[in-house]
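Colleague: My questions all concern the structure below.
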Amino acid sequence: MPDRLTLPAGFGRFVAFLILVAVVAGAFALIEPRFLSSQNLSAVTRHMATNGLAALGLTLVVIVRKFDLSFAGTACFAAMTIGFLIANGYDLWVCILVGLAAGAAIGAINGIAISVFGLPDIVTTIATGSIAGGLAFLYSKGRTIFQNFMQSGIIDLNDARILGYSVSFFFLIAIYAVAWFLMHRTRYGASFQATGENPVSAYFSGVPTKLYTFLAFVICGMTSVLAVVLILAESGTADTNEGANLLMPAYAGVFLGAALLGGTSVLATLAGTFLITMLLDGFSLIGVPYYYSDGVVSAILLAGVVLFDQRVRMLFHDLSTFLLPASEPREKRP
Amino acid sequence: MTGPALRATAVSKRFGAVNALKDVDFVLEPGEVHALLGVNGAGKSTFIKIISGVYTRDAGTLEVDGKAVDCRTPHDAMMAGIATVQQHPELVSDFTGYENIFLGREADRPRFLARIDRTALKRRGDALLARFPVDIDLSRKLSEMPAVEREIVAILQALAGDHIRVLILDEPTSTLTEVEKAVLFRLMRTLKASGISILYITHRLEEVIEIADRFSVFRGGRKVATMTPAAAAEQGLSLAELMLGETLSSVFPEKAAFPPGETVLSVERLGHGRAFSQVGFEVKRGEILGIFGLVGSGIDELSKVLFGALPPTEGTLSLKGRPLRARTPREALKAGIFLVPGDRRLEGLALTQSSVFNITIGNLGRASGFAGILRRALNRRKSEEFAARVALSPPNLSMPVSGFSGGNQQKIVVAKGLFADADLYIFVEPTVGVDIGARAKLYGLMRDLSRTAAVIVMSSDCDEVHGLADRSFALYKGRPIMRAGEIMTRNQLLLAGILGEARDA
């Protein structure tokens, strides 16, 4: 007798995810055949790279059970910093490194305030994000920076292609592969997970929980800068609200992915980001104004968060046991 | 008609394979103060939880004032005239005494957005005080009241329901000073005079003689005696002896067969704030040292100071002959100390993660190699080996640890300790929520660990400490009570831990 075929855990959820993707893609393709054109698919992958990078750092923050609402402001500040440096003729890699350092610095401020001083994460990051967003105006009094962009080479990041797809997409896949390895195959990933799962038991197990909470915020600041570099490359200018649109898709990616695949993880975020980007792109392709499509996607995000929330699921569970009283607890022993 | 206020007949309760309560008959007279005594796990808590509607009994009947009652929820019990004051009452510290007493019962009939009539609250509160005279200013906020007045507010809150006949007090004196205790006892006598019966749980034997009309002793889920303190004194019965009876000696492994080896940990005049002070002891490789202490005795803080989670405020520690200055559990683990914490779900485990994850997380240096990459095959093999050694059941290393029973979760924590490879293992309340079978296995494992390491077991279960340890002492209100060589009989240990006395018994 051969053993019964056993599927890896989460396989069912993965299949459900693929079916959902197929349904959404099919629906868009029916309404607008151009949805499946290579031009559009290329655009989807490019936008996915942007959203996915922003969502990656956020994933770590959510894994340590915190929230970061500052990274959009951080991204705006970094965008203007990079734009300012480009306009002043610095090498592109210098500009990007300084931008990353700025993102890391704001993340470090968040991390120290929250993990060392114990300030509430949401309030702290709203404040630092607003400050960073305000500082973005200092370089040019709020005017768009475009000087020297053509010559700097940043546009090439957007235009370069491998096998017909943007380089940024392959960069996204590479960085997610590294992140997956880090989270699931190294002691550092185990420490992140232990910190988020139960900070007290992690602390008692010798995990430096404050350090890992701090690191999550630093990484979140840096990945949001990587995301905004791609936005700069696409638009060819630096604007003070360049990173403002990163917040919603990133949160939607993290939480929708967690709801679909049964927990917050690097791969879940990648899946969630894929779906969200496809939805946003599809809506814009069929001519739905952004204020409607944002609304629809935010509603989907809300649904995802509700389904992911333990208490809400318990509520449904309690409700179902209440409605189906036939399932008796446990039989008493004789 | 003057029947008993409360009559319980043949009440039984099982939890899985454990008989928590077996055929308990109990009578509470009107206007009686009746103390319930027993060591942890004797069944007295289960008994009052059944009376107050927290648990449902498996068998037996309950009568209040001669009428059969069926308390399935705390609200049922309240309607039947039974009110309970918890050990740590839930009160709102920003509200006044009046507001707390009538919390959720501000209006006679609940209406949406009803205004709270503070004058009416005061009138009703003062009426309550007229019925049960006690000197207290209820217009103050709870946060401004001393502990005894908060206790009184909790009692008045319990009595505010109509026609309360039975009041249950769960260790009301544990946080009170001697003077405050006298105030509480005065109120108890007032209540008694007005015909209310009081069921009173305590660990303090001297209080029983002072306030109780009668007491009942629980042991191993049975009620073994009910008598007056005077009758007990007449018959020369010691309350401590009654509480102890016979131990389940078969659960415990043999004591150390060999003389212990080198000293692993030595502690001198150690203290932490007001929690404990002047604690000094040594523990050697090859032995188990037991420390018995009730909740609030300081054993919890002591374990955390030894593990680096709390800083000592006085005294010195040395590990294997060298001064130990662990400021975090991380440093303590590196030095070779492993703590099996008292609350394994909160402090010991990542519940949604697998056993392998939980076993290896305590020693990630051992679990990973180059660049911090986890040695997955090795970790799996070691986890399997340790899971087999602790007899983990079911031996499924991939499922989330939340799916295991309490005893098996504790075994996973022990396996985690094996992987951490420490020189000193500290167990705090190792068998809370663990059934008898798994308990014997855990005790065997602790003895097993003591062959190659030093083991300290800290518990509020006197039998556990005495049955397991080679040497033991007690902690009473932060003070160590010990005898030469830390050799104590079980009764000496019990008296030391619950009375703070080192006399013979």
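Chain identifiers are assigned as A, B, and so on, following the order in which chains appear in the structure tokens; residues are numbered from 1 within each chain, and ligands are numbered from 1 in order of appearance.
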Quick one: residues within 10 Å of range 97-104 of chain B, only C-alpha atoms, excluding same-chain residues fewer than 3 positions away - as a ChimeraX atom specification?
Modeller: /B:90-94,107,110,116,118-126,128,136-143,145,149-150,152-161
Colleague: Can you write out the residues you just picked, keeping C-alpha atoms, as a PDB file, in the first residue's frame?
Modeller:
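So the final result, stored in again36.pdb, reads:
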```pdb
ATOM      1  CA  GLU B  90     -11.521  43.910  39.958  1.00  0.00           C
ATOM      2  CA  LEU B  91     -12.250  47.490  40.967  1.00  0.00           C
ATOM      3  CA  VAL B  92     -11.897  50.768  39.081  1.00  0.00           C
ATOM      4  CA  SER B  93      -9.228  52.792  40.829  1.00  0.00           C
ATOM      5  CA  ASP B  94     -10.355  56.126  39.378  1.00  0.00           C
ATOM      6  CA  ALA B 107     -29.822  52.433  37.925  1.00  0.00           C
ATOM      7  CA  PRO B 110     -31.011  49.870  32.962  1.00  0.00           C
ATOM      8  CA  ILE B 116     -25.824  58.322  36.742  1.00  0.00           C
ATOM      9  CA  ARG B 118     -24.675  60.281  42.238  1.00  0.00           C
ATOM     10  CA  THR B 119     -27.016  61.404  45.012  1.00  0.00           C
ATOM     11  CA  ALA B 120     -28.940  58.154  44.684  1.00  0.00           C
ATOM     12  CA  LEU B 121     -25.691  56.174  44.676  1.00  0.00           C
ATOM     13  CA  LYS B 122     -24.654  57.905  47.881  1.00  0.00           C
ATOM     14  CA  ARG B 123     -28.047  57.257  49.441  1.00  0.00           C
ATOM     15  CA  ARG B 124     -27.925  53.580  48.545  1.00  0.00           C
ATOM     16  CA  GLY B 125     -24.302  53.295  49.666  1.00  0.00           C
ATOM     17  CA  ASP B 126     -25.077  54.942  52.995  1.00  0.00           C
ATOM     18  CA  LEU B 128     -25.651  49.698  52.905  1.00  0.00           C
ATOM     19  CA  ILE B 136     -15.020  54.109  55.761  1.00  0.00           C
ATOM     20  CA  ASP B 137     -15.323  57.228  53.585  1.00  0.00           C
ATOM     21  CA  LEU B 138     -16.820  55.945  50.347  1.00  0.00           C
ATOM     22  CA  SER B 139     -16.603  59.302  48.564  1.00  0.00           C
ATOM     23  CA  ARG B 140     -12.869  58.852  48.104  1.00  0.00           C
ATOM     24  CA  LYS B 141     -11.391  57.347  44.978  1.00  0.00           C
ATOM     25  CA  LEU B 142     -10.184  53.765  45.239  1.00  0.00           C
ATOM     26  CA  SER B 143      -6.658  54.838  44.322  1.00  0.00           C
ATOM     27  CA  MET B 145      -7.695  54.129  49.764  1.00  0.00           C
ATOM     28  CA  GLU B 149     -10.587  49.852  52.514  1.00  0.00           C
ATOM     29  CA  ARG B 150     -10.396  48.532  48.954  1.00  0.00           C
ATOM     30  CA  ILE B 152     -14.112  46.547  52.275  1.00  0.00           C
ATOM     31  CA  VAL B 153     -15.395  48.204  49.096  1.00  0.00           C
ATOM     32  CA  ALA B 154     -15.133  44.831  47.353  1.00  0.00           C
ATOM     33  CA  ILE B 155     -17.086  43.188  50.177  1.00  0.00           C
ATOM     34  CA  LEU B 156     -19.755  45.903  50.133  1.00  0.00           C
ATOM     35  CA  GLN B 157     -19.960  45.512  46.368  1.00  0.00           C
ATOM     36  CA  ALA B 158     -20.588  41.800  46.847  1.00  0.00           C
ATOM     37  CA  LEU B 159     -23.219  42.515  49.505  1.00  0.00           C
ATOM     38  CA  ALA B 160     -24.982  45.171  47.436  1.00  0.00           C
ATOM     39  CA  GLY B 161     -26.954  42.480  45.679  1.00  0.00           C
TER      40      GLY B 161
END
```
Colleague: If we count only C-alpha atoms, what is near Ile173 in chain A at a cut-off of 12 Å, once residues fewer than 2 positions away on the same chain are taken out, given as a PyMOL selection string?
Modeller: chain A and resi 45-46+48-50+52-53+56+166-171+175-180+266-267+270-271+274
Colleague: Extract, using only C-alpha atoms, all DNA, RNA and protein residues at most 9 Å from range 300-303 of chain A, discarding same-chain residues fewer than 6 positions from it, and format them as a list of chain:residue names.
Modeller: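 The neighbour list is A:Met248, A:Pro249, A:Tyr251, A:Ala252, A:Gly253, A:Phe255, A:Leu256, A:Ala259, A:Ile276.
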Colleague: Distance limit 12 Å, atoms considered: only C-alpha atoms. Which chain A residues sit that close to chain B? Return them as a PyMOL selection string.
Modeller: chain A and resi 8-9+181-210+262-263+330-334
Colleague: Determine the nearest neighbour of Val54 in chain B from the options B:Ser277, B:Thr73, B:Gln410, B:Ser460, counting only C-alpha atoms.
Modeller: B:Thr73
Colleague: In Å, with one decimal, what is the gap from CA of Leu135 in chain A to CA of Asp68 in chain A?
Modeller: 18.3 Å
Colleague: Quick one: residues within 12 Å of Asp448 in chain B, only C-alpha atoms counted, chain neighbours fewer than 4 positions away excluded, as JSON, numbers by chain?
Modeller: {"B": [253, 254, 255, 256, 257, 285, 286, 287, 288, 389, 390, 414, 418, 425, 441, 442, 443, 444, 452, 453, 454, 455, 468]}
Colleague: When you count only C-alpha atoms, which of these residues is closest to Gly342 in chain B: B:Thr61, B:Gln86, B:Thr177, B:Thr431?
Modeller: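 Comparing B:Thr61, B:Gln86, B:Thr177, B:Thr431 against Gly342 in chain B, the winner is B:Thr431.
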Colleague: In Å, rounded to a single decimal, give me how far CA of Val434 in chain B is from CA of Ala474 in chain B.
Modeller: 23.0 Å
Colleague: Write out as a VMD selection string each polymer residue whose atoms come within 8 Å of Leu270 in chain B, counting only C-alpha atoms; drop sequence neighbours fewer than 5 positions from it.
Modeller: chain B and resid 276 to 280 312 to 317
Colleague: Which residues are near range 162-168 of chain B? Cut-off 7 Å, only C-alpha atoms, ignore same chain within fewer than 3 positions. Put them as a PyMOL selection string.
Modeller: chain B and resi 5+81-85+159+196-200
Colleague: To one decimal place in Å, what is the distance between CA of Arg161 in chain A and CA of Thr240 in chain A?
Modeller: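 Answer for the CA of Arg161 in chain A to CA of Thr240 in chain A separation: 28.1 Å.
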Colleague: If we count only C-alpha atoms, what is near range 230-234 of chain B at a cut-off of 12 Å, once residues fewer than 5 positions away on the same chain are taken out, given as a list in words?
Modeller: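 Residues near the query, excluding close chain neighbours: Val208, Ile209, Glu210, Ile211, Ala212, Asp213, Arg214, Phe215, Ser216, Val217, Ala225, Leu239, Ala240, Glu241 and Leu242 of chain B.
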Colleague: Return as number ranges by chain the full set of residues in range 16-219 of chain A whose backbone-based DSSP assignment is helix (DSSP H, G or I).
Modeller: A: 16-31, 33-36, 38-63, 71-87, 92-116, 121-135, 149-152, 154-159, 167-185, 187-197, 199-204, 209-219
Colleague: Based on the selection just made, write C-alpha atoms of those residues as a short mmCIF file (atom, residue, chain, number, x, y, z; two decimals), in the first residue's frame.
Modeller:
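Output below, filename selection28.cif:
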```cif
data_model
loop_
_atom_site.label_atom_id
_atom_site.label_comp_id
_atom_site.auth_asym_id
_atom_site.auth_seq_id
_atom_site.Cartn_x
_atom_site.Cartn_y
_atom_site.Cartn_z
CA ALA A 16 -6.80 29.29 -3.11
CA PHE A 17 -4.50 32.24 -3.68
CA LEU A 18 -3.70 31.11 -7.24
CA ILE A 19 -7.39 30.69 -7.98
CA LEU A 20 -8.09 34.17 -6.63
CA VAL A 21 -5.33 35.61 -8.82
CA ALA A 22 -6.73 33.79 -11.86
CA VAL A 23 -10.26 35.06 -11.15
CA VAL A 24 -9.13 38.66 -10.70
CA ALA A 25 -6.90 38.55 -13.78
CA GLY A 26 -9.66 36.87 -15.80
CA ALA A 27 -12.20 39.49 -14.75
CA PHE A 28 -9.91 42.34 -15.75
CA ALA A 29 -9.02 40.63 -19.02
CA LEU A 30 -12.71 40.26 -19.89
CA ILE A 31 -13.40 43.94 -19.29
CA PRO A 33 -8.23 42.76 -23.11
CA ARG A 34 -5.15 44.99 -22.86
CA PHE A 35 -4.78 43.77 -19.25
CA LEU A 36 -2.91 40.72 -20.51
CA SER A 38 2.96 42.40 -22.35
CA GLN A 39 3.08 46.15 -21.93
CA ASN A 40 0.64 46.03 -19.04
CA LEU A 41 2.21 42.97 -17.45
CA SER A 42 5.51 44.77 -17.53
CA ALA A 43 3.91 47.74 -15.80
CA VAL A 44 2.36 45.47 -13.17
CA THR A 45 5.74 43.93 -12.37
CA ARG A 46 7.35 47.38 -12.12
CA HIS A 47 4.71 48.66 -9.73
CA MET A 48 4.90 45.43 -7.85
CA ALA A 49 8.60 46.04 -7.29
CA THR A 50 7.84 49.43 -5.77
CA ASN A 51 5.02 48.21 -3.54
CA GLY A 52 6.85 45.03 -2.64
CA LEU A 53 10.00 46.80 -1.46
CA ALA A 54 8.00 49.12 0.78
CA ALA A 55 6.03 46.17 2.13
CA LEU A 56 9.13 44.09 2.91
CA GLY A 57 10.40 46.26 5.77
CA LEU A 58 6.87 46.68 7.02
CA THR A 59 6.57 42.89 7.13
CA LEU A 60 9.41 42.72 9.65
CA VAL A 61 7.81 45.46 11.75
CA VAL A 62 4.49 43.59 11.72
CA ILE A 63 6.27 40.33 12.57
CA PHE A 71 7.75 55.12 6.17
CA ALA A 72 5.72 57.11 3.64
CA GLY A 73 7.01 60.34 5.17
CA THR A 74 10.49 58.84 5.32
CA ALA A 75 10.25 57.96 1.66
CA CYS A 76 9.22 61.54 0.76
CA PHE A 77 12.18 62.92 2.68
CA ALA A 78 14.55 60.42 1.10
CA ALA A 79 13.14 61.19 -2.37
CA MET A 80 13.89 64.88 -1.97
CA THR A 81 17.31 64.15 -0.46
CA ILE A 82 18.20 61.96 -3.41
CA GLY A 83 16.72 64.48 -5.86
CA PHE A 84 18.70 67.30 -4.29
CA LEU A 85 21.95 65.31 -4.52
CA ILE A 86 21.25 64.31 -8.12
CA ALA A 87 20.55 67.93 -9.04
CA LEU A 92 23.90 58.09 -8.51
CA TRP A 93 25.20 55.46 -6.10
CA VAL A 94 26.24 58.17 -3.64
CA CYS A 95 22.77 59.69 -3.86
CA ILE A 96 21.09 56.35 -3.21
CA LEU A 97 23.41 55.47 -0.33
CA VAL A 98 22.78 58.81 1.36
CA GLY A 99 19.05 58.28 0.84
CA LEU A 100 19.29 54.84 2.43
CA ALA A 101 21.23 56.32 5.34
CA ALA A 102 18.49 58.92 5.83
CA GLY A 103 15.86 56.15 5.85
CA ALA A 104 17.92 54.10 8.30
CA ALA A 105 18.36 57.13 10.56
CA ILE A 106 14.63 57.82 10.76
CA GLY A 107 14.01 54.11 11.31
CA ALA A 108 16.61 54.16 14.08
CA ILE A 109 14.85 57.07 15.77
CA ASN A 110 11.58 55.11 15.63
CA GLY A 111 13.30 51.97 16.88
CA ILE A 112 15.00 53.63 19.84
CA ALA A 113 11.87 55.55 20.84
CA ILE A 114 9.70 52.44 20.68
CA SER A 115 11.96 49.61 21.84
CA VAL A 116 14.24 51.39 24.31
CA ASP A 121 4.49 52.73 18.12
CA ILE A 122 1.56 54.27 16.26
CA VAL A 123 1.84 57.75 17.78
CA THR A 124 5.62 57.78 17.51
CA THR A 125 5.71 56.82 13.86
CA ILE A 126 2.92 59.22 12.89
CA ALA A 127 5.03 61.97 14.47
CA THR A 128 8.36 60.98 12.91
CA GLY A 129 6.68 60.41 9.56
CA SER A 130 5.11 63.87 9.66
CA ILE A 131 8.41 65.44 10.62
CA ALA A 132 10.22 63.63 7.80
CA GLY A 133 7.47 64.64 5.38
CA GLY A 134 7.91 68.25 6.49
CA LEU A 135 11.68 68.13 6.17
CA PHE A 149 17.86 63.55 -13.69
CA MET A 150 18.26 62.63 -17.36
CA GLN A 151 22.04 62.56 -17.13
CA SER A 152 22.30 60.86 -13.73
CA ILE A 154 18.42 56.95 -12.53
CA ILE A 155 15.99 56.74 -15.44
CA ASP A 156 17.83 53.65 -16.64
CA LEU A 157 16.68 51.83 -13.51
CA ASN A 158 13.18 52.18 -14.86
CA ASP A 159 13.95 51.44 -18.48
CA VAL A 167 15.24 45.04 -13.84
CA SER A 168 13.48 46.29 -10.73
CA PHE A 169 11.25 43.22 -10.74
CA PHE A 170 14.24 40.90 -10.72
CA PHE A 171 15.74 43.00 -7.98
CA LEU A 172 12.53 42.53 -6.02
CA ILE A 173 12.63 38.76 -6.46
CA ALA A 174 16.29 38.67 -5.43
CA ILE A 175 15.79 40.73 -2.30
CA TYR A 176 12.74 38.68 -1.32
CA ALA A 177 14.76 35.50 -1.76
CA VAL A 178 17.42 36.90 0.55
CA ALA A 179 14.77 38.02 3.04
CA TRP A 180 13.10 34.61 2.96
CA PHE A 181 16.41 32.89 3.63
CA LEU A 182 17.17 35.31 6.44
CA MET A 183 13.78 34.83 8.08
CA HIS A 184 13.44 31.07 7.75
CA ARG A 185 16.94 29.68 7.64
CA ARG A 187 19.09 32.48 13.75
CA TYR A 188 18.30 36.14 13.01
CA GLY A 189 14.98 35.25 11.44
CA ALA A 190 14.20 32.94 14.35
CA SER A 191 14.94 35.82 16.71
CA PHE A 192 12.59 38.16 14.81
CA GLN A 193 9.85 35.55 14.99
CA ALA A 194 10.42 34.74 18.65
CA THR A 195 10.33 38.46 19.48
CA GLY A 196 7.01 38.95 17.76
CA GLU A 197 5.39 35.73 18.91
CA PRO A 199 8.46 38.91 23.67
CA VAL A 200 8.56 37.69 27.28
CA SER A 201 9.46 34.12 26.42
CA ALA A 202 11.92 35.36 23.78
CA TYR A 203 13.60 37.56 26.39
CA PHE A 204 13.73 34.62 28.79
CA THR A 209 14.18 41.49 21.79
CA LYS A 210 14.78 45.24 21.92
CA LEU A 211 17.56 44.96 19.36
CA TYR A 212 15.33 43.05 16.94
CA THR A 213 12.45 45.50 17.34
CA PHE A 214 14.94 48.29 16.65
CA LEU A 215 16.31 46.50 13.58
CA ALA A 216 12.81 45.98 12.16
CA PHE A 217 12.21 49.73 12.14
CA VAL A 218 15.63 50.47 10.63
CA ILE A 219 15.06 47.96 7.84
#
```
Colleague: Using only C-alpha atoms, find the one residue out of A:Asp239, A:Tyr290, A:Leu285, A:Val229 that sits nearest to Lys141 in chain A.
Modeller: A:Asp239
